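Below is the file model26.cif, which contains mmCIF, C-alpha atoms and all ligand atoms.
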```
data_coords
loop_
_atom_site.label_atom_id
_atom_site.label_comp_id
_atom_site.auth_asym_id
_atom_site.auth_seq_id
_atom_site.Cartn_x
_atom_site.Cartn_y
_atom_site.Cartn_z
CA MET A 1 0.00 0.00 0.00
CA LEU A 2 1.23 3.43 -0.91
CA ARG A 3 1.16 5.58 2.21
CA THR A 4 -0.32 9.08 2.03
CA ARG A 5 2.21 11.87 2.46
CA PHE A 6 1.35 14.89 4.59
CA CYS A 7 2.60 18.40 5.14
CA VAL A 8 1.04 19.62 8.39
CA ALA A 9 1.35 23.14 9.79
CA ASN A 10 1.17 23.48 13.56
CA TRP A 11 0.67 27.17 14.12
CA LYS A 12 0.63 26.78 17.91
CA MET A 13 -0.59 29.95 19.73
CA ASN A 14 0.16 32.25 16.79
CA PHE A 15 -2.01 34.03 14.21
CA ASN A 16 -5.29 35.82 14.86
CA CYS A 17 -8.16 35.81 12.33
CA THR A 18 -6.59 38.53 10.18
CA ASP A 19 -3.26 36.67 10.00
CA THR A 20 -5.03 33.38 9.24
CA LYS A 21 -7.03 34.99 6.45
CA SER A 22 -4.05 36.58 4.82
CA PHE A 23 -1.91 33.42 5.08
CA LEU A 24 -4.57 31.08 3.68
CA GLU A 25 -5.60 33.48 0.94
CA SER A 26 -2.04 33.55 -0.30
CA TRP A 27 -1.87 29.75 0.10
CA ASN A 28 -4.94 29.49 -2.14
CA ASN A 29 -3.03 31.36 -4.83
CA LYS A 30 -0.21 28.81 -4.86
CA GLU A 31 -0.14 25.94 -7.34
CA LEU A 32 -0.47 22.71 -5.37
CA ASN A 33 1.15 20.44 -7.93
CA ASN A 34 2.38 17.91 -5.42
CA LYS A 35 -0.89 16.00 -5.70
CA GLU A 36 0.10 13.05 -3.54
CA VAL A 37 0.82 15.32 -0.57
CA LYS A 38 -2.08 16.34 1.67
CA THR A 39 -1.67 19.67 3.43
CA ILE A 40 -3.31 20.36 6.77
CA PHE A 41 -3.25 23.66 8.67
CA CYS A 42 -3.77 23.60 12.44
CA PRO A 43 -4.66 27.06 13.79
CA SER A 44 -5.96 27.92 17.28
CA PHE A 45 -9.59 27.07 18.03
CA THR A 46 -10.72 30.64 17.38
CA GLU A 47 -9.38 30.54 13.81
CA LEU A 48 -10.70 27.10 12.79
CA ASN A 49 -13.93 28.41 11.31
CA THR A 50 -12.16 31.05 9.24
CA GLY A 51 -9.71 28.40 8.02
CA VAL A 52 -12.43 25.95 7.02
CA GLU A 53 -14.25 28.69 5.11
CA ILE A 54 -11.20 29.91 3.21
CA LEU A 55 -10.13 26.38 2.28
CA GLN A 56 -13.57 25.15 1.27
CA TYR A 57 -12.61 24.80 -2.42
CA SER A 58 -9.03 23.76 -1.73
CA ASP A 59 -7.43 20.32 -1.36
CA SER A 60 -5.85 21.57 1.87
CA GLU A 61 -7.65 20.86 5.13
CA ILE A 62 -7.96 22.22 8.64
CA GLY A 63 -7.04 20.51 11.91
CA ALA A 64 -7.24 21.44 15.59
CA GLN A 65 -4.30 21.44 17.99
CA ASN A 66 -6.17 19.70 20.79
CA VAL A 67 -9.49 18.16 21.82
CA PHE A 68 -11.05 16.81 25.01
CA TYR A 69 -11.84 13.12 25.48
CA GLU A 70 -15.41 13.46 26.75
CA SER A 71 -18.29 14.10 24.38
CA SER A 72 -19.92 16.94 26.37
CA GLY A 73 -20.50 18.22 29.89
CA ALA A 74 -18.99 20.27 32.68
CA TYR A 75 -15.44 20.66 31.35
CA THR A 76 -14.83 24.40 31.41
CA GLY A 77 -12.48 25.54 28.69
CA GLU A 78 -12.51 22.31 26.71
CA VAL A 79 -13.63 21.55 23.15
CA SER A 80 -15.27 18.30 22.01
CA CYS A 81 -14.93 16.22 18.86
CA SER A 82 -18.49 16.95 17.78
CA MET A 83 -17.89 20.72 18.06
CA LEU A 84 -14.92 20.36 15.72
CA LYS A 85 -16.75 18.09 13.29
CA ASN A 86 -19.68 20.46 13.23
CA ILE A 87 -17.55 23.22 11.71
CA GLY A 88 -15.87 20.87 9.23
CA CYS A 89 -12.64 20.14 11.08
CA GLN A 90 -11.66 16.47 10.77
CA TRP A 91 -8.03 16.40 11.95
CA VAL A 92 -6.71 16.86 15.48
CA ILE A 93 -3.17 16.92 16.86
CA ILE A 94 -2.92 15.03 20.15
CA GLY A 95 -0.03 14.32 22.50
CA HIS A 96 2.13 17.22 21.39
CA SER A 97 5.15 17.53 23.70
CA GLU A 98 4.12 21.07 24.69
CA ARG A 99 0.80 19.67 25.94
CA ARG A 100 2.61 16.88 27.72
CA SER A 101 5.20 19.11 29.39
CA ILE A 102 3.32 22.39 30.01
CA PHE A 103 -0.18 20.98 30.57
CA SER A 104 0.83 17.68 32.19
CA GLU A 105 -0.86 15.47 29.63
CA THR A 106 -0.13 11.81 30.25
CA ASP A 107 0.04 8.85 27.88
CA GLU A 108 -3.31 7.75 29.34
CA MET A 109 -4.91 11.09 28.43
CA VAL A 110 -3.51 10.76 24.92
CA ARG A 111 -5.07 7.29 24.74
CA ASN A 112 -8.44 8.65 25.87
CA LYS A 113 -8.27 11.38 23.23
CA LEU A 114 -7.30 8.86 20.56
CA ASP A 115 -10.18 6.57 21.57
CA GLN A 116 -12.62 9.48 21.45
CA LEU A 117 -11.40 10.69 18.06
CA ILE A 118 -11.58 7.25 16.52
CA SER A 119 -15.00 6.52 17.96
CA GLU A 120 -16.22 9.82 16.47
CA ARG A 121 -14.58 8.95 13.12
CA MET A 122 -12.12 11.82 13.24
CA ASN A 123 -8.49 11.73 12.14
CA PRO A 124 -5.80 11.86 14.84
CA ILE A 125 -2.26 13.16 14.44
CA VAL A 126 -0.54 11.48 17.37
CA CYS A 127 2.73 13.06 18.50
CA ILE A 128 5.40 11.05 20.26
CA GLY A 129 9.07 11.65 20.98
CA GLU A 130 11.85 11.42 23.52
CA THR A 131 13.48 14.18 25.57
CA LYS A 132 17.18 14.98 25.35
CA THR A 133 17.93 13.14 28.60
CA GLN A 134 15.99 10.09 27.49
CA ARG A 135 17.99 9.98 24.24
CA GLU A 136 21.29 10.48 26.05
CA ASN A 137 20.41 7.61 28.38
CA GLY A 138 19.68 5.31 25.44
CA LYS A 139 15.97 5.25 26.21
CA THR A 140 14.56 6.51 22.91
CA GLN A 141 13.17 3.20 21.74
CA GLU A 142 11.70 2.38 25.15
CA ILE A 143 9.94 5.76 25.35
CA LEU A 144 8.49 5.50 21.85
CA SER A 145 7.30 2.01 22.64
CA GLN A 146 5.69 3.12 25.91
CA GLN A 147 3.98 6.15 24.37
CA LEU A 148 2.61 4.09 21.47
CA SER A 149 1.54 1.04 23.41
CA ILE A 150 -0.45 3.08 25.93
CA ALA A 151 -1.99 5.38 23.31
CA PHE A 152 -3.02 2.51 21.03
CA GLU A 153 -3.92 -0.11 23.61
CA ASN A 154 -7.66 -0.04 22.86
CA GLN A 155 -7.26 0.15 19.09
CA GLU A 156 -7.29 -2.32 16.22
CA ASP A 157 -5.62 -2.08 12.85
CA VAL A 158 -8.91 -1.45 11.00
CA ASN A 159 -9.40 1.78 12.96
CA LEU A 160 -6.12 3.35 11.92
CA LYS A 161 -6.82 4.12 8.28
CA ASN A 162 -6.66 7.89 8.80
CA THR A 163 -4.37 8.02 11.81
CA ILE A 164 -1.02 9.77 11.48
CA ILE A 165 1.98 9.48 13.77
CA ALA A 166 4.32 12.45 14.17
CA TYR A 167 7.74 11.59 15.54
CA GLU A 168 8.97 14.76 17.22
CA PRO A 169 12.08 14.49 19.39
CA VAL A 170 11.37 17.01 22.15
CA TRP A 171 14.91 18.44 21.98
CA ALA A 172 14.45 19.26 18.29
CA ILE A 173 11.18 21.21 18.65
CA GLY A 174 11.63 24.94 18.18
CA THR A 175 15.35 24.71 18.90
CA GLY A 176 16.79 24.88 15.39
CA ILE A 177 18.47 21.53 16.12
CA THR A 178 17.13 18.93 13.70
CA ALA A 179 17.61 15.23 14.33
CA THR A 180 20.15 13.71 11.94
CA VAL A 181 18.89 11.63 9.03
CA GLU A 182 20.21 8.51 10.80
CA MET A 183 18.28 9.31 13.98
CA VAL A 184 15.10 10.01 12.05
CA SER A 185 15.47 6.92 9.92
CA ASP A 186 16.10 4.70 12.98
CA ALA A 187 13.23 6.19 14.96
CA HIS A 188 10.73 5.85 12.10
CA LYS A 189 11.80 2.24 11.52
CA SER A 190 11.38 1.43 15.20
CA ILE A 191 7.94 3.05 15.25
CA ARG A 192 6.86 0.78 12.37
CA ASN A 193 8.30 -2.22 14.21
CA ILE A 194 6.50 -1.30 17.42
CA PHE A 195 3.23 -1.26 15.47
CA ASN A 196 4.06 -4.57 13.77
CA ASN A 197 4.87 -6.16 17.13
CA ASN A 198 1.56 -5.01 18.60
CA GLY A 199 -0.76 -6.50 16.01
CA PHE A 200 -0.91 -3.56 13.60
CA ASN A 201 0.37 -3.25 10.07
CA GLY A 202 3.12 -0.68 10.55
CA SER A 203 3.81 -0.33 6.86
CA ASN A 204 0.37 1.25 6.30
CA ILE A 205 0.79 4.06 8.82
CA SER A 206 2.00 7.48 7.72
CA ILE A 207 4.81 8.65 10.02
CA LEU A 208 5.75 12.33 9.88
CA TYR A 209 8.89 13.90 11.26
CA GLY A 210 8.68 17.12 13.26
CA GLY A 211 11.31 19.24 14.98
CA SER A 212 12.93 22.27 13.36
CA VAL A 213 11.98 21.29 9.81
CA THR A 214 12.83 24.14 7.43
CA ASP A 215 13.01 24.73 3.70
CA GLY A 216 16.74 24.07 4.12
CA ASN A 217 16.57 20.52 5.53
CA ALA A 218 13.28 19.17 4.17
CA THR A 219 14.73 17.43 1.12
CA GLU A 220 17.23 15.19 2.89
CA LEU A 221 14.61 14.20 5.46
CA SER A 222 11.85 13.60 2.94
CA GLU A 223 14.09 11.30 0.94
CA LEU A 224 14.12 8.80 3.82
CA THR A 225 11.96 5.77 2.99
CA ASP A 226 10.11 5.83 6.30
CA VAL A 227 9.40 9.56 6.38
CA ASP A 228 5.91 10.24 5.04
CA GLY A 229 5.85 13.97 5.59
CA PHE A 230 6.36 16.68 8.17
CA LEU A 231 4.73 18.39 11.11
CA VAL A 232 6.08 21.92 10.89
CA GLY A 233 5.95 24.56 13.63
CA GLY A 234 8.06 27.70 13.24
CA ALA A 235 8.61 27.44 9.47
CA SER A 236 4.88 27.01 8.87
CA LEU A 237 4.24 30.61 9.89
CA ASP A 238 5.80 31.88 6.66
CA VAL A 239 3.71 30.98 3.64
CA ASP A 240 6.65 30.87 1.22
CA LYS A 241 8.81 28.75 3.52
CA PHE A 242 5.95 26.35 4.13
CA TYR A 243 5.28 26.14 0.39
CA ALA A 244 8.97 25.39 -0.19
CA ILE A 245 8.78 22.56 2.36
CA TYR A 246 5.61 21.20 0.70
CA ASN A 247 7.41 21.18 -2.64
CA GLN A 248 10.27 19.14 -1.19
CA LEU A 249 7.97 16.30 -0.16
P1 LIG B 1 9.13 23.41 15.08
O1 LIG B 1 7.86 22.77 15.82
O2 LIG B 1 9.02 23.09 13.62
O3 LIG B 1 9.06 24.86 15.38
O4 LIG B 1 10.34 22.74 15.70
C1 LIG B 1 7.36 21.52 15.44
C2 LIG B 1 6.19 21.14 16.32
O5 LIG B 1 6.20 21.48 17.50
O6 LIG B 1 5.23 20.52 15.85
#
```
What is this structure when it is put down as structure tokens?
Ligand code: PGA
Amino acid sequence: MLRTRFCVANWKMNFNCTDTKSFLESWNNKELNNKEVKTIFCPSFTELNTGVEILQYSDSEIGAQNVFYESSGAYTGEVSCSMLKNIGCQWVIIGHSERRSIFSETDEMVRNKLDQLISERMNPIVCIGETKTQRENGKTQEILSQQLSIAFENQEDVNLKNTIIAYEPVWAIGTGITATVEMVSDAHKSIRNIFNNNGFNGSNISILYGGSVTDGNATELSELTDVDGFLVGGASLDVDKFYAIYNQL
């Protein structure tokens, strides 16, 4: 099976409605000739509607940066899957390292979010990755395995058709330090093996790399067999840089 390739923009807590409009309007004027690459923009909750509207005739899609794992109720400040679906947002990033470290999200919470997304037929972008200390202590593989086995413990292969994994080494996010091609290649291979060893078909799952991806390093990373695209933070805030990354996939 040919895996889908993705170029995903994680705008984090940047861009108001005016910024979102002007970015996506200029995106709509670009030629998207890389037909096998799906592009997804993930703005803040307040900009999702604007994004969906501007991209309604485009092949690009909109995703959220977070979701809660209950369907409704007394959860002040949270947003549910059905609220996102209702405005035409099908993709959601979960388990981002900033949510794990700043907002204390655990692997179990990531699992609950994944379960909720899949039961509501939405498409998860599940982020995993090791910290600098974990890598230095030779624990990368163990951490990836732990994050994946907890997140996917209630899932079956048939449910994962539109699920994306983003491998994002924590030490490479927003630091300008990209993982080497060897590190990325090894990590993506082990992620596929972890899936294979847990009853899934790892070769069907799109695995993106994230962590200081720029228009200067995208080509060498995208040439790796097991890299199926990118999750881009900083460089996704500049429409021309993001377009250059898209064209290198
Ligand atoms: P970065 O962020 O590209 O700025 O390193 C990536 C991410 O956090 O998804």
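Using all atoms listed in the file, the nearest neighbour of Leu249 of chain A within the list A:Lys38, A:Glu25, A:His96, A:Val158 is A:Lys38.
If you count all atoms listed in the file and ignore residues fewer than 6 places along the chain from Phe152 of chain A, what sits within 9 Å of it is A:Arg111, A:Leu114, A:Asp115.
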Please dump the current selection as a PDB file, keeping the file's coordinate frame; keep C-alpha atoms.
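Output file selection32.pdb follows:
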```pdb
ATOM      1  CA  ARG A 111      -5.070   7.290  24.740  1.00  0.00           C
ATOM      2  CA  LEU A 114      -7.300   8.860  20.560  1.00  0.00           C
ATOM      3  CA  ASP A 115     -10.180   6.570  21.570  1.00  0.00           C
TER       4      ASP A 115
END
```
Test item: residues lying within 10 Å of ligand LIG 1 (chain B) with only C-alpha atoms and all ligand atoms, as an MDAnalysis selection string | chainID A and resid 8:12 65 93 96:98 127 166:178 209:214 230:237
So that I can see what lies close to Leu2 of chain A, please list as a compact mmCIF listing (two decimals) with C-alpha atoms, keeping the file's coordinate frame the residues with an atom at most 12 Å from it, counting only C-alpha atoms and leaving out residues fewer than 2 positions away in the same chain.
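Listed below is the output, result_39.txt:
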```txt
# COMPACT_ATOMS: atom_id res chain seq x y z
CA THR A 4 -0.32 9.08 2.03
CA ARG A 5 2.21 11.87 2.46
CA GLU A 36 0.10 13.05 -3.54
CA VAL A 37 0.82 15.32 -0.57
CA SER A 203 3.81 -0.33 6.86
CA ASN A 204 0.37 1.25 6.30
CA ILE A 205 0.79 4.06 8.82
CA SER A 206 2.00 7.48 7.72
CA THR A 225 11.96 5.77 2.99
CA ASP A 226 10.11 5.83 6.30
CA ASP A 228 5.91 10.24 5.04
```
Considering all atoms listed in the file, return as a short mmCIF file (atom, residue, chain, number, x, y, z; two decimals) with C-alpha atoms, in the frame of the given file whatever protein or nucleic-acid residues lie within 6 Å of Thr39 of chain A, sequence-local ones (same chain, fewer than 5 positions apart) excluded.
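See result_22.cif below for the written result:
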```
data_model
loop_
_atom_site.label_atom_id
_atom_site.label_comp_id
_atom_site.auth_asym_id
_atom_site.auth_seq_id
_atom_site.Cartn_x
_atom_site.Cartn_y
_atom_site.Cartn_z
CA PHE A 6 1.35 14.89 4.59
CA CYS A 7 2.60 18.40 5.14
CA VAL A 8 1.04 19.62 8.39
CA SER A 60 -5.85 21.57 1.87
#
```
At what distance in Å, to one decimal, does atom CA of Asp107 of chain A lie from atom CA of Gln90 of chain A?
-> 22.1 Å
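One finds atom CA of Thr18 of chain A at 25.0 Å from atom CA of Ser80 of chain A.
Between atom CA of Ile94 of chain A and atom CA of Phe68 of chain A the interatomic distance comes to 9.6 Å.
Closest to Ile118 of chain A among A:Lys161, A:Lys132, A:Arg99, A:Lys241 is A:Lys161, based on only C-alpha atoms.
Restricting the calculation to all atoms listed in the file, the smallest distance between Arg121 of chain A and any of A:Ile191, A:Glu142, A:Leu32, A:Cys81 is found for A:Cys81.
For Ser190 of chain A, the non-local neighbours within 9 Å, defined as residues at least 6 positions apart in the same chain or in other chains and counting only C-alpha atoms, are Gln141, Leu144 and Ser145 of chain A.
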For segment 56-70 of chain A, supply N, CA, C and O atoms and report the output as a short mmCIF file (atom, residue, chain, number, x, y, z; two decimals), in the coordinates of the input.
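This went into part_37.cif:
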```
data_model
loop_
_atom_site.label_atom_id
_atom_site.label_comp_id
_atom_site.auth_asym_id
_atom_site.auth_seq_id
_atom_site.Cartn_x
_atom_site.Cartn_y
_atom_site.Cartn_z
N GLN A 56 -12.47 26.04 1.68
CA GLN A 56 -13.57 25.15 1.27
C GLN A 56 -13.44 24.61 -0.15
O GLN A 56 -13.94 23.53 -0.44
N TYR A 57 -12.77 25.32 -1.05
CA TYR A 57 -12.61 24.80 -2.42
C TYR A 57 -11.20 24.29 -2.66
O TYR A 57 -10.80 24.05 -3.79
N SER A 58 -10.43 24.15 -1.60
CA SER A 58 -9.03 23.76 -1.73
C SER A 58 -8.86 22.28 -1.38
O SER A 58 -9.72 21.68 -0.73
N ASP A 59 -7.73 21.69 -1.79
CA ASP A 59 -7.43 20.32 -1.36
C ASP A 59 -6.82 20.31 0.03
O ASP A 59 -6.66 19.27 0.65
N SER A 60 -6.42 21.49 0.53
CA SER A 60 -5.85 21.57 1.87
C SER A 60 -6.97 21.50 2.90
O SER A 60 -8.10 21.87 2.62
N GLU A 61 -6.63 21.03 4.09
CA GLU A 61 -7.65 20.86 5.13
C GLU A 61 -7.23 21.51 6.43
O GLU A 61 -6.09 21.92 6.59
N ILE A 62 -8.20 21.56 7.36
CA ILE A 62 -7.96 22.22 8.64
C ILE A 62 -7.97 21.20 9.77
O ILE A 62 -8.77 20.26 9.77
N GLY A 63 -7.07 21.37 10.73
CA GLY A 63 -7.04 20.51 11.91
C GLY A 63 -6.96 21.36 13.17
O GLY A 63 -6.55 22.52 13.13
N ALA A 64 -7.35 20.75 14.29
CA ALA A 64 -7.24 21.44 15.59
C ALA A 64 -5.95 20.99 16.27
O ALA A 64 -5.37 19.97 15.91
N GLN A 65 -5.54 21.76 17.27
CA GLN A 65 -4.30 21.44 17.99
C GLN A 65 -4.55 20.63 19.25
O GLN A 65 -3.61 20.24 19.95
N ASN A 66 -5.84 20.39 19.55
CA ASN A 66 -6.17 19.70 20.79
C ASN A 66 -7.66 19.38 20.77
O ASN A 66 -8.41 19.95 19.98
N VAL A 67 -8.07 18.47 21.65
CA VAL A 67 -9.49 18.16 21.82
C VAL A 67 -9.64 17.52 23.19
O VAL A 67 -8.65 17.02 23.73
N PHE A 68 -10.86 17.51 23.74
CA PHE A 68 -11.05 16.81 25.01
C PHE A 68 -11.63 15.43 24.74
O PHE A 68 -12.22 15.18 23.70
N TYR A 69 -11.46 14.53 25.72
CA TYR A 69 -11.84 13.12 25.48
C TYR A 69 -13.24 12.75 25.95
O TYR A 69 -13.62 11.59 25.91
N GLU A 70 -14.01 13.74 26.43
CA GLU A 70 -15.41 13.46 26.75
C GLU A 70 -16.26 14.10 25.66
O GLU A 70 -15.83 15.04 25.02
#
```
